[in-house]
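A.B. asks: Have a look at this one before I ask anything.
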Amino acid sequence: MTAREVGVVVGNTIDFTDERAPCGRIVDGLRYLEDDDAGLSVDEVTYACGCRRIRHEFHDGSVRVKAVGHDGTVLYEEHSAEHEA
């Protein structure tokens with residue numbers, strides 16, 4: 001039985017260079033990606049300056065996106081769902 005057959009979610013961490021952080025700086029960082037092939041998707045980015053960008057897509061189709069500056073200030077936050085009016 002494979003990991004996918006038992007529903008195990010495996011994530012990958014990827015180094016990157018020279019991307020624009022939410023604060024506007026061009027910095028290096030780490031991106032964590034996770035996907036369960038059933039609708040759950042995680043994309044979390046941590047920048048060298050301390051900023052973070054988070055995107056979660058859930059099984060019901062809803063999506064949550066958030067950007068946090070290196071000082072902890074929430075710069076952007078949105079949550080949308082298929083079942084919301």
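Identifiers in this document derive from the order of the structure tokens: chains are assigned A, B, ..., residues are numbered from 1 separately in each chain, and ligands are numbered from 1 in order of occurrence.
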Any idea what's packed within 12 Å of A:Ile26, counting only C-alpha atoms, ignoring anything in its chain fewer than 5 positions away? Could you give it as a PDB file with N, CA and C atoms, in the first residue's frame?
C.D. replies:
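Output file selection.pdb follows:
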```pdb
ATOM      1  N   PHE A  16      14.317  28.979  -1.884  1.00  0.00           N
ATOM      2  CA  PHE A  16      14.245  29.845  -3.054  1.00  0.00           C
ATOM      3  C   PHE A  16      15.093  31.090  -2.813  1.00  0.00           C
ATOM      4  N   THR A  17      15.395  31.780  -3.877  1.00  0.00           N
ATOM      5  CA  THR A  17      16.175  33.012  -3.785  1.00  0.00           C
ATOM      6  C   THR A  17      15.471  34.126  -4.539  1.00  0.00           C
ATOM      7  N   ASP A  18      15.711  35.323  -4.095  1.00  0.00           N
ATOM      8  CA  ASP A  18      15.295  36.528  -4.805  1.00  0.00           C
ATOM      9  C   ASP A  18      13.811  36.601  -5.140  1.00  0.00           C
ATOM     10  N   GLU A  19      12.968  36.443  -4.128  1.00  0.00           N
ATOM     11  CA  GLU A  19      11.529  36.655  -4.307  1.00  0.00           C
ATOM     12  C   GLU A  19      11.105  37.877  -3.500  1.00  0.00           C
ATOM     13  N   ARG A  20      10.048  38.539  -3.949  1.00  0.00           N
ATOM     14  CA  ARG A  20       9.539  39.713  -3.244  1.00  0.00           C
ATOM     15  C   ARG A  20       8.687  39.266  -2.054  1.00  0.00           C
ATOM     16  N   ALA A  21       9.095  39.681  -0.875  1.00  0.00           N
ATOM     17  CA  ALA A  21       8.352  39.413   0.359  1.00  0.00           C
ATOM     18  C   ALA A  21       7.180  40.382   0.460  1.00  0.00           C
ATOM     19  N   TYR A  47       9.939  34.074   4.574  1.00  0.00           N
ATOM     20  CA  TYR A  47      10.996  34.865   3.946  1.00  0.00           C
ATOM     21  C   TYR A  47      12.110  35.165   4.946  1.00  0.00           C
ATOM     22  N   ALA A  48      13.321  35.377   4.447  1.00  0.00           N
ATOM     23  CA  ALA A  48      14.481  35.641   5.297  1.00  0.00           C
ATOM     24  C   ALA A  48      14.286  36.883   6.164  1.00  0.00           C
ATOM     25  N   CYS A  49      13.492  37.837   5.719  1.00  0.00           N
ATOM     26  CA  CYS A  49      13.243  39.068   6.490  1.00  0.00           C
ATOM     27  C   CYS A  49      12.278  38.836   7.643  1.00  0.00           C
ATOM     28  N   CYS A  51       8.929  37.939   7.060  1.00  0.00           N
ATOM     29  CA  CYS A  51       7.558  37.951   6.531  1.00  0.00           C
ATOM     30  C   CYS A  51       7.101  36.527   6.242  1.00  0.00           C
TER      31      CYS A  51
END
```
A.B. asks: Do a neighbour search on stretch 56-64 of chain A at 8 Å with only C-alpha atoms, toss out local chain neighbours closer than 3 positions, and write the hits as a list of chain:residue names.
C.D. replies: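 Answer for this query is A:Ala38, A:Gly39, A:Leu40, A:Ser41, A:Val42, A:Asp43, A:Glu77, A:Glu78, A:His79, A:Ser80, A:Ala81, A:Glu82.
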A.B. asks: Using DSSP assignments from the backbone, pull out every residue in chain A that falls under strand (DSSP E or B) and give it to me as a ChimeraX atom specification.
C.D. replies: /A:10-20,26-35,41-47,52-57,63-68,74-80
A.B. asks: Do you know which residues are at most 8 Å from A:Val10 counting only C-alpha atoms, after dropping those on the same chain fewer than 3 positions away, and could you put them as a list in words?
C.D. replies: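 Non-adjacent residues within range: Glu34, Asp35 and Asp36 of chain A.
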A.B. asks: For A:Ala67, please output as a list in words all residues within 6 Å (counting only C-alpha atoms; exclusion window: fewer than 3 positions along the same chain).
C.D. replies: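 My list of contacting residues is Arg52, Arg53, Leu75 and Tyr76 of chain A.
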